[in-house]
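With compact mmCIF, C-alpha atoms inside, this is entry.txt:
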# COMPACT_ATOMS: atom_id res chain seq x y z
CA MET I 1211 173.12 24.18 -16.68
CA LYS I 1212 173.76 27.51 -14.94
CA ASN I 1213 175.64 28.78 -18.01
CA ILE I 1214 172.72 27.79 -20.24
CA LEU I 1215 170.28 29.73 -18.06
CA ILE I 1216 172.52 32.81 -18.14
CA LEU I 1217 172.88 32.55 -21.92
CA THR I 1218 169.10 32.16 -22.32
CA ALA I 1219 168.52 35.24 -20.17
CA LEU I 1220 171.00 37.23 -22.28
CA VAL I 1221 169.32 36.17 -25.53
CA PHE I 1222 165.88 37.21 -24.26
CA SER I 1223 167.19 40.53 -22.96
CA THR I 1224 168.73 41.38 -26.35
CA LEU I 1225 165.45 40.59 -28.09
CA GLY I 1226 163.44 42.59 -25.58
CA PHE I 1227 162.21 46.16 -25.63
CA ALA I 1228 163.74 49.04 -23.69
CA GLN I 1229 162.01 51.04 -21.00
CA GLU I 1230 158.88 52.90 -22.11
CA ILE I 1231 159.15 56.51 -23.27
CA SER I 1232 156.16 58.84 -22.98
CA LEU I 1233 155.10 60.42 -26.30
CA PHE I 1234 152.61 62.83 -24.68
CA ASN I 1235 153.62 65.13 -21.83
CA GLY I 1236 150.09 65.92 -20.59
CA GLU I 1237 150.65 69.66 -21.08
CA ASP I 1238 150.89 70.48 -24.80
CA LEU I 1239 151.42 68.98 -28.26
CA SER I 1240 155.24 69.08 -28.16
CA GLY I 1241 156.70 66.42 -30.46
CA TRP I 1242 153.54 66.22 -32.56
CA THR I 1243 152.24 67.98 -35.70
CA VAL I 1244 148.57 68.65 -36.50
CA TYR I 1245 147.34 67.92 -40.04
CA GLY I 1246 143.96 69.26 -41.17
CA THR I 1247 141.47 71.58 -39.49
CA GLU I 1248 140.00 69.24 -36.87
CA LYS I 1249 140.66 70.09 -33.22
CA TRP I 1250 143.55 68.63 -31.21
CA TYR I 1251 144.15 70.09 -27.75
CA VAL I 1252 145.15 69.29 -24.19
CA GLU I 1253 142.60 69.57 -21.37
CA ASP I 1254 143.04 68.41 -17.77
CA GLY I 1255 146.12 66.42 -18.75
CA LEU I 1256 144.29 64.58 -21.55
CA LEU I 1257 144.89 64.75 -25.29
CA VAL I 1258 141.55 65.47 -26.97
CA CYS I 1259 140.56 65.17 -30.64
CA GLU I 1260 137.26 66.67 -31.68
CA SER I 1261 135.51 67.34 -34.96
CA GLY I 1262 135.99 70.88 -36.24
CA PRO I 1263 133.74 73.01 -38.45
CA ASP I 1264 135.02 71.35 -41.65
CA GLU I 1265 134.16 67.85 -40.38
CA GLN I 1266 137.01 66.34 -42.39
CA TYR I 1267 139.76 63.84 -41.66
CA GLY I 1268 142.41 65.07 -39.26
CA TYR I 1269 145.69 63.66 -37.95
CA LEU I 1270 148.12 64.28 -35.13
CA ALA I 1271 151.48 62.72 -36.02
CA THR I 1272 154.73 62.30 -34.13
CA ASP I 1273 157.58 64.42 -35.45
CA LYS I 1274 159.87 61.40 -35.13
CA HIS I 1275 159.63 58.25 -37.21
CA TYR I 1276 159.35 54.86 -35.51
CA LYS I 1277 159.96 51.51 -37.23
CA ASP I 1278 159.85 48.68 -34.68
CA PHE I 1279 158.13 49.30 -31.34
CA THR I 1280 155.50 48.41 -28.79
CA LEU I 1281 153.00 51.25 -28.32
CA THR I 1282 150.54 51.42 -25.45
CA LEU I 1283 147.86 54.06 -24.98
CA GLU I 1284 144.47 54.61 -23.45
CA PHE I 1285 141.44 56.08 -25.21
CA LYS I 1286 137.92 57.02 -24.18
CA GLN I 1287 135.29 57.61 -26.85
CA GLU I 1288 132.64 60.26 -26.42
CA ALA I 1289 129.75 60.45 -28.90
CA ASP I 1290 130.92 58.79 -32.14
CA GLY I 1291 134.42 57.50 -31.41
CA ASN I 1292 135.57 56.78 -34.96
CA SER I 1293 139.32 57.22 -34.84
CA GLY I 1294 142.48 55.18 -35.14
CA VAL I 1295 146.21 54.80 -34.61
CA PHE I 1296 148.44 54.83 -37.70
CA ILE I 1297 151.86 53.20 -37.75
CA ARG I 1298 154.77 53.80 -40.14
CA SER I 1299 152.74 56.58 -41.72
CA THR I 1300 153.25 59.85 -43.58
CA VAL I 1301 150.68 62.61 -43.98
CA ASP I 1302 150.37 65.08 -46.86
CA GLY I 1303 147.63 67.61 -46.09
CA THR I 1304 145.00 65.18 -44.89
CA LYS I 1305 145.99 62.29 -47.14
CA VAL I 1306 147.72 59.59 -45.13
CA SER I 1307 149.81 56.62 -46.17
CA GLY I 1308 150.39 53.80 -43.74
CA TRP I 1309 148.37 51.36 -41.68
CA GLN I 1310 145.64 52.12 -39.19
CA VAL I 1311 144.77 50.10 -36.13
CA GLU I 1312 141.08 50.92 -35.86
CA VAL I 1313 139.44 52.71 -32.93
CA ALA I 1314 135.69 52.74 -33.52
CA PRO I 1315 132.27 52.40 -31.89
CA PRO I 1316 131.00 48.89 -31.01
CA GLY I 1317 130.56 46.61 -34.00
CA HIS I 1318 133.08 48.41 -36.19
CA SER I 1319 136.24 46.30 -35.83
CA THR I 1320 138.32 48.13 -33.19
CA GLY I 1321 141.78 46.57 -33.26
CA GLY I 1322 141.60 45.63 -36.94
CA VAL I 1323 144.13 46.85 -39.51
CA TYR I 1324 143.13 49.12 -42.40
CA GLU I 1325 145.29 50.50 -45.23
CA SER I 1326 144.03 53.94 -46.28
CA TYR I 1327 144.24 54.86 -49.97
CA GLY I 1328 145.36 51.30 -50.65
CA ARG I 1329 144.02 47.82 -50.04
CA GLY I 1330 141.42 48.77 -47.43
CA TRP I 1331 140.81 46.26 -44.65
CA LEU I 1332 143.72 43.84 -44.27
CA ILE I 1333 142.34 42.02 -41.24
CA LYS I 1334 139.37 42.41 -38.88
CA PRO I 1335 139.06 40.87 -35.42
CA ASP I 1336 136.64 38.05 -34.78
CA PRO I 1337 133.30 39.78 -34.00
CA GLU I 1338 133.20 38.01 -30.61
CA LYS I 1339 136.29 39.99 -29.55
CA ASP I 1340 134.34 43.25 -29.86
CA LYS I 1341 133.11 42.57 -26.32
CA ALA I 1342 136.54 43.77 -25.12
CA LEU I 1343 135.64 47.37 -26.11
CA LYS I 1344 134.17 49.53 -23.33
CA MET I 1345 132.37 52.39 -25.08
CA GLY I 1346 132.42 55.61 -23.07
CA GLU I 1347 135.05 54.23 -20.67
CA TRP I 1348 138.83 54.11 -20.71
CA ASN I 1349 140.29 51.35 -22.90
CA GLU I 1350 143.91 50.26 -23.20
CA MET I 1351 145.29 49.48 -26.65
CA LYS I 1352 148.65 47.88 -27.30
CA ILE I 1353 150.24 47.68 -30.75
CA ARG I 1354 153.45 45.77 -31.41
CA VAL I 1355 155.16 46.21 -34.77
CA TYR I 1356 158.33 44.30 -35.57
CA ASP I 1357 159.59 43.84 -39.13
CA ASP I 1358 156.52 42.66 -41.12
CA LYS I 1359 154.44 41.54 -38.13
CA LEU I 1360 151.77 43.65 -36.42
CA THR I 1361 149.76 42.54 -33.38
CA SER I 1362 147.07 44.54 -31.59
CA TRP I 1363 145.51 44.06 -28.16
CA LEU I 1364 142.48 45.73 -26.59
CA ASN I 1365 142.13 45.60 -22.81
CA GLY I 1366 144.43 42.57 -22.71
CA VAL I 1367 142.62 40.68 -25.50
CA GLU I 1368 144.67 39.94 -28.61
CA MET I 1369 142.57 41.31 -31.46
CA VAL I 1370 144.62 40.52 -34.60
CA THR I 1371 148.04 39.43 -35.77
CA ILE I 1372 149.14 39.97 -39.36
CA ARG I 1373 152.32 39.55 -41.37
CA ASP I 1374 152.52 41.75 -44.44
CA LYS I 1375 155.46 42.64 -46.72
CA LYS I 1376 154.22 46.18 -47.34
CA ILE I 1377 153.96 46.85 -43.61
CA GLY I 1378 157.46 45.42 -43.25
CA ALA I 1379 158.80 47.92 -45.81
CA GLY I 1380 156.92 50.87 -44.30
CA GLU I 1381 158.59 53.93 -42.76
CA GLY I 1382 157.09 56.87 -40.90
CA SER I 1383 155.38 58.33 -37.86
CA ILE I 1384 152.80 57.22 -35.37
CA ALA I 1385 149.62 59.22 -36.02
CA LEU I 1386 146.25 59.50 -34.32
CA GLN I 1387 143.26 60.00 -36.61
CA ILE I 1388 139.89 61.65 -36.36
CA HIS I 1389 137.39 60.43 -38.97
CA ASP I 1390 135.41 62.75 -41.21
CA GLY I 1391 131.66 63.30 -40.82
CA GLY I 1392 131.60 65.38 -37.63
CA GLY I 1393 130.28 64.67 -34.15
CA ILE I 1394 133.43 62.82 -33.03
CA LYS I 1395 135.31 63.25 -29.77
CA VAL I 1396 137.99 60.96 -28.34
CA ASN I 1397 140.22 61.44 -25.29
CA TRP I 1398 143.72 59.93 -25.13
CA ARG I 1399 146.26 59.47 -22.33
CA ASN I 1400 149.32 57.45 -21.26
CA ILE I 1401 150.74 57.27 -24.80
CA LYS I 1402 154.00 55.35 -24.37
CA ILE I 1403 156.44 53.62 -26.69
CA ALA I 1404 159.10 50.97 -26.07
CA LEU I 1405 161.81 50.54 -28.70
CA PRO I 1406 163.98 47.44 -29.30
CA GLN I 1407 167.19 47.42 -27.29
Can you present the structure in this file as structure tokens?
Amino acid sequence: MKNILILTALVFSTLGFAQEISLFNGEDLSGWTVYGTEKWYVEDGLLVCESGPDEQYGYLATDKHYKDFTLTLEFKQEADGNSGVFIRSTVDGTKVSGWQVEVAPPGHSTGGVYESYGRGWLIKPDPEKDKALKMGEWNEMKIRVYDDKLTSWLNGVEMVTIRDKKIGAGEGSIALQIHDGGGIKVNWRNIKIALPQ
């Protein structure tokens, strides 16, 4: 029995994720690249995205590519908070390929998965789950991507789970988005990733 317990523990440890690594140092945009003319800057230890004069789409993408991971981060929306977190994405100018886990004002499917320049919405959370979003306050989002499966959580509430062959075949960066239209400001902090061991 003891040997079975040890073996079970070993199996779970090999399937687990390693210690979290911080993707944002709280000081500058090291390890990230800005795409577009919207504003990305660090203020008081926070990463801030804000609409610029062009009021177009903008992205801040990791220089490294990440395939399978668990990502946790916190966001606080000011004014219109239409934004998002892209996984396995590439950006050319301001045209992005990949899959977005939505960050949006109340009633606009935060935690859902959207494919830009492709199939559009792949899955939206049950509208009842929108109560998990705290507009104007800090929210914690967790995104787990492994093979073809993506799961999102908002403040501890599982929002969606989807299996998709195209997501499974995807390669690329993690990218934060600012939506077009102007008047948007979102603060980010504690952006951490855990990779499979």
Mind checking which residues fall within 10 Å of Cys1259 in chain I, counting only C-alpha atoms, ignoring those fewer than 6 positions away in the same chain, and posting them as a tab-separated table (two decimals) with C-alpha atoms, in the frame of the given file?
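Writing the result to result.tsv gives the following:
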chain	number	residue	atom	x	y	z
I	1248	GLU	CA	140.00	69.24	-36.87
I	1249	LYS	CA	140.66	70.09	-33.22
I	1250	TRP	CA	143.55	68.63	-31.21
I	1251	TYR	CA	144.15	70.09	-27.75
I	1252	VAL	CA	145.15	69.29	-24.19
I	1268	GLY	CA	142.41	65.07	-39.26
I	1269	TYR	CA	145.69	63.66	-37.95
I	1270	LEU	CA	148.12	64.28	-35.13
I	1287	GLN	CA	135.29	57.61	-26.85
I	1291	GLY	CA	134.42	57.50	-31.41
I	1293	SER	CA	139.32	57.22	-34.84
I	1386	LEU	CA	146.25	59.50	-34.32
I	1387	GLN	CA	143.26	60.00	-36.61
I	1388	ILE	CA	139.89	61.65	-36.36
I	1394	ILE	CA	133.43	62.82	-33.03
I	1395	LYS	CA	135.31	63.25	-29.77
I	1396	VAL	CA	137.99	60.96	-28.34
I	1397	ASN	CA	140.22	61.44	-25.29
I	1398	TRP	CA	143.72	59.93	-25.13
List the spatial neighbours of His1318 in chain I as a JSON list (two decimals) with C-alpha atoms, in the frame of the given file - criterion: any atom at most 10 Å away, all atoms listed in the file, same-chain residues fewer than 5 positions off excluded.
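Result saved to selection-v9.json:
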[["chain", "number", "residue", "atom", "x", "y", "z"],
["I", 1292, "ASN", "CA", 135.57, 56.78, -34.96],
["I", 1312, "GLU", "CA", 141.08, 50.92, -35.86],
["I", 1313, "VAL", "CA", 139.44, 52.71, -32.93],
["I", 1334, "LYS", "CA", 139.37, 42.41, -38.88],
["I", 1335, "PRO", "CA", 139.06, 40.87, -35.42],
["I", 1337, "PRO", "CA", 133.30, 39.78, -34.00],
["I", 1340, "ASP", "CA", 134.34, 43.25, -29.86]]
Residues of range 1289-1333 of chain I that approach range 1346-1363 of chain I to 12 Å or less, counting all atoms listed in the file: could you list each one with the shortest pair of atoms and its distance in Å to one decimal, rows by chain and increasing residue number, as a tab-separated table?
residue	atom	partner	partner_atom	distance
I:Ala1289	CA	I:Gly1346	CA	8.0
I:Asp1290	CA	I:Gly1346	CA	9.7
I:Gly1291	CA	I:Gly1346	CA	8.8
I:Gly1294	CA	I:Met1351	CA	10.6
I:Val1295	CA	I:Ile1353	CA	9.0
I:Phe1296	CA	I:Ile1353	CA	10.1
I:Ile1297	CA	I:Val1355	CA	8.3
I:Arg1298	CA	I:Val1355	CA	9.3
I:Trp1309	CA	I:Leu1360	CA	9.9
I:Gln1310	CA	I:Ile1353	CA	10.6
I:Val1311	CA	I:Ser1362	CA	7.5
I:Glu1312	CA	I:Ser1362	CA	9.7
I:Val1313	CA	I:Met1351	CA	9.2
I:Ala1314	CA	I:Gly1346	CA	11.3
I:Pro1315	CA	I:Gly1346	CA	9.4
I:Pro1316	CA	I:Gly1346	CA	10.5
I:Ser1319	CA	I:Ser1362	CA	11.8
I:Thr1320	CA	I:Ser1362	CA	9.6
I:Gly1321	CA	I:Ser1362	CA	5.9
I:Gly1322	CA	I:Ser1362	CA	7.7
I:Val1323	CA	I:Ser1362	CA	8.8
I:Tyr1324	CA	I:Leu1360	CA	11.8
I:Leu1332	CA	I:Leu1360	CA	11.2
I:Ile1333	CA	I:Leu1360	CA	10.7
Prev. selection, C-alpha atoms, output as a PDB file, in the coordinates of the input:
ATOM      1  CA  ALA I1289     129.750  60.450 -28.900  1.00  0.00           C
ATOM      2  CA  ASP I1290     130.920  58.790 -32.140  1.00  0.00           C
ATOM      3  CA  GLY I1291     134.420  57.500 -31.410  1.00  0.00           C
ATOM      4  CA  GLY I1294     142.480  55.180 -35.140  1.00  0.00           C
ATOM      5  CA  VAL I1295     146.210  54.800 -34.610  1.00  0.00           C
ATOM      6  CA  PHE I1296     148.440  54.830 -37.700  1.00  0.00           C
ATOM      7  CA  ILE I1297     151.860  53.200 -37.750  1.00  0.00           C
ATOM      8  CA  ARG I1298     154.770  53.800 -40.140  1.00  0.00           C
ATOM      9  CA  TRP I1309     148.370  51.360 -41.680  1.00  0.00           C
ATOM     10  CA  GLN I1310     145.640  52.120 -39.190  1.00  0.00           C
ATOM     11  CA  VAL I1311     144.770  50.100 -36.130  1.00  0.00           C
ATOM     12  CA  GLU I1312     141.080  50.920 -35.860  1.00  0.00           C
ATOM     13  CA  VAL I1313     139.440  52.710 -32.930  1.00  0.00           C
ATOM     14  CA  ALA I1314     135.690  52.740 -33.520  1.00  0.00           C
ATOM     15  CA  PRO I1315     132.270  52.400 -31.890  1.00  0.00           C
ATOM     16  CA  PRO I1316     131.000  48.890 -31.010  1.00  0.00           C
ATOM     17  CA  SER I1319     136.240  46.300 -35.830  1.00  0.00           C
ATOM     18  CA  THR I1320     138.320  48.130 -33.190  1.00  0.00           C
ATOM     19  CA  GLY I1321     141.780  46.570 -33.260  1.00  0.00           C
ATOM     20  CA  GLY I1322     141.600  45.630 -36.940  1.00  0.00           C
ATOM     21  CA  VAL I1323     144.130  46.850 -39.510  1.00  0.00           C
ATOM     22  CA  TYR I1324     143.130  49.120 -42.400  1.00  0.00           C
ATOM     23  CA  LEU I1332     143.720  43.840 -44.270  1.00  0.00           C
ATOM     24  CA  ILE I1333     142.340  42.020 -41.240  1.00  0.00           C
TER      25      ILE I1333
END
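Around the coordinate (144.0, 53.0, -48.3), residues that reach within 9 Å when counting only C-alpha atoms are I:Val1306, I:Ser1307, I:Gly1308, I:Trp1309, I:Tyr1324, I:Glu1325, I:Ser1326, I:Tyr1327, I:Gly1328, I:Arg1329, I:Gly1330, I:Trp1331.
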Exercise for the section: Return the single residue from I:Asp1264, I:Asp1336, I:Glu1381, I:Asp1390 that is closest to Val1301 in chain I, with distances computed using all atoms listed in the file. Expected result: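 Closest to Val1301 in chain I, using all atoms listed in the file: I:Glu1381.
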Exercise for the section: Rounded to one decimal place, report the CA of Leu1405 in chain I-CA of Tyr1276 in chain I distance in Å. Expected result: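 Interatomic distance, CA of Leu1405 in chain I to CA of Tyr1276 in chain I: 8.4 Å.
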Range 1265-1278 of chain I: axis-aligned bounding box, 8 Å on each side, centre and edge lengths in Å, one decimal, as AutoDock Vina command-line options:
--center_x 147.1 --center_y 58.3 --center_z -38.3 --size_x 41.8 --size_y 35.2 --size_z 24.3
Export range 1259-1282 of chain I of the preceding structure, keeping N, CA and C atoms, as a PDB file, in the first residue's frame.
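To be explicit, this is the file written out as out-v4.pdb:
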ATOM      1  N   CYS I1259      -2.185  49.646 -19.640  1.00  0.00           N
ATOM      2  CA  CYS I1259      -2.478  49.849 -21.064  1.00  0.00           C
ATOM      3  C   CYS I1259      -3.575  50.902 -21.167  1.00  0.00           C
ATOM      4  N   GLU I1260      -3.384  51.801 -22.114  1.00  0.00           N
ATOM      5  CA  GLU I1260      -4.290  52.945 -22.250  1.00  0.00           C
ATOM      6  C   GLU I1260      -4.419  53.311 -23.717  1.00  0.00           C
ATOM      7  N   SER I1261      -5.615  53.701 -24.112  1.00  0.00           N
ATOM      8  CA  SER I1261      -5.822  54.106 -25.499  1.00  0.00           C
ATOM      9  C   SER I1261      -4.923  55.280 -25.858  1.00  0.00           C
ATOM     10  N   GLY I1262      -4.331  55.217 -27.050  1.00  0.00           N
ATOM     11  CA  GLY I1262      -3.515  56.302 -27.564  1.00  0.00           C
ATOM     12  C   GLY I1262      -4.305  57.158 -28.528  1.00  0.00           C
ATOM     13  N   PRO I1263      -3.640  58.119 -29.179  1.00  0.00           N
ATOM     14  CA  PRO I1263      -4.349  59.037 -30.071  1.00  0.00           C
ATOM     15  C   PRO I1263      -4.971  58.363 -31.292  1.00  0.00           C
ATOM     16  N   ASP I1264      -4.416  57.204 -31.703  1.00  0.00           N
ATOM     17  CA  ASP I1264      -4.959  56.521 -32.884  1.00  0.00           C
ATOM     18  C   ASP I1264      -6.200  55.683 -32.552  1.00  0.00           C
ATOM     19  N   GLU I1265      -6.369  55.361 -31.270  1.00  0.00           N
ATOM     20  CA  GLU I1265      -7.537  54.588 -30.811  1.00  0.00           C
ATOM     21  C   GLU I1265      -7.723  53.304 -31.615  1.00  0.00           C
ATOM     22  N   GLN I1266      -6.608  52.595 -31.833  1.00  0.00           N
ATOM     23  CA  GLN I1266      -6.633  51.351 -32.586  1.00  0.00           C
ATOM     24  C   GLN I1266      -6.341  50.172 -31.658  1.00  0.00           C
ATOM     25  N   TYR I1267      -6.323  48.975 -32.229  1.00  0.00           N
ATOM     26  CA  TYR I1267      -5.911  47.806 -31.459  1.00  0.00           C
ATOM     27  C   TYR I1267      -4.434  47.926 -31.106  1.00  0.00           C
ATOM     28  N   GLY I1268      -4.073  47.421 -29.936  1.00  0.00           N
ATOM     29  CA  GLY I1268      -2.684  47.379 -29.530  1.00  0.00           C
ATOM     30  C   GLY I1268      -2.420  46.106 -28.746  1.00  0.00           C
ATOM     31  N   TYR I1269      -1.155  45.660 -28.781  1.00  0.00           N
ATOM     32  CA  TYR I1269      -0.782  44.414 -28.110  1.00  0.00           C
ATOM     33  C   TYR I1269       0.561  44.575 -27.407  1.00  0.00           C
ATOM     34  N   LEU I1270       0.707  43.855 -26.326  1.00  0.00           N
ATOM     35  CA  LEU I1270       1.978  43.726 -25.632  1.00  0.00           C
ATOM     36  C   LEU I1270       2.224  42.227 -25.502  1.00  0.00           C
ATOM     37  N   ALA I1271       3.233  41.730 -26.232  1.00  0.00           N
ATOM     38  CA  ALA I1271       3.444  40.284 -26.325  1.00  0.00           C
ATOM     39  C   ALA I1271       4.777  39.875 -25.713  1.00  0.00           C
ATOM     40  N   THR I1272       4.783  38.696 -25.101  1.00  0.00           N
ATOM     41  CA  THR I1272       6.029  38.164 -24.562  1.00  0.00           C
ATOM     42  C   THR I1272       6.989  37.854 -25.706  1.00  0.00           C
ATOM     43  N   ASP I1273       8.270  38.097 -25.460  1.00  0.00           N
ATOM     44  CA  ASP I1273       9.279  37.770 -26.470  1.00  0.00           C
ATOM     45  C   ASP I1273       9.421  36.258 -26.619  1.00  0.00           C
ATOM     46  N   LYS I1274       9.167  35.526 -25.553  1.00  0.00           N
ATOM     47  CA  LYS I1274       9.251  34.065 -25.602  1.00  0.00           C
ATOM     48  C   LYS I1274       7.903  33.470 -25.988  1.00  0.00           C
ATOM     49  N   HIS I1275       7.962  32.288 -26.595  1.00  0.00           N
ATOM     50  CA  HIS I1275       6.757  31.532 -26.908  1.00  0.00           C
ATOM     51  C   HIS I1275       6.482  30.538 -25.792  1.00  0.00           C
ATOM     52  N   TYR I1276       5.194  30.312 -25.521  1.00  0.00           N
ATOM     53  CA  TYR I1276       4.773  29.377 -24.480  1.00  0.00           C
ATOM     54  C   TYR I1276       3.677  28.486 -25.032  1.00  0.00           C
ATOM     55  N   LYS I1277       3.851  27.179 -24.886  1.00  0.00           N
ATOM     56  CA  LYS I1277       2.884  26.214 -25.432  1.00  0.00           C
ATOM     57  C   LYS I1277       1.887  25.755 -24.360  1.00  0.00           C
ATOM     58  N   ASP I1278       2.371  25.002 -23.392  1.00  0.00           N
ATOM     59  CA  ASP I1278       1.527  24.496 -22.310  1.00  0.00           C
ATOM     60  C   ASP I1278       1.889  25.223 -21.027  1.00  0.00           C
ATOM     61  N   PHE I1279       0.890  25.729 -20.306  1.00  0.00           N
ATOM     62  CA  PHE I1279       1.185  26.533 -19.115  1.00  0.00           C
ATOM     63  C   PHE I1279      -0.080  26.795 -18.310  1.00  0.00           C
ATOM     64  N   THR I1280       0.142  27.267 -17.093  1.00  0.00           N
ATOM     65  CA  THR I1280      -0.918  27.883 -16.295  1.00  0.00           C
ATOM     66  C   THR I1280      -0.490  29.323 -16.053  1.00  0.00           C
ATOM     67  N   LEU I1281      -1.302  30.267 -16.488  1.00  0.00           N
ATOM     68  CA  LEU I1281      -1.019  31.698 -16.346  1.00  0.00           C
ATOM     69  C   LEU I1281      -1.970  32.285 -15.319  1.00  0.00           C
ATOM     70  N   THR I1282      -1.433  33.042 -14.374  1.00  0.00           N
ATOM     71  CA  THR I1282      -2.285  33.798 -13.458  1.00  0.00           C
ATOM     72  C   THR I1282      -1.901  35.266 -13.544  1.00  0.00           C
TER      73      THR I1282
END
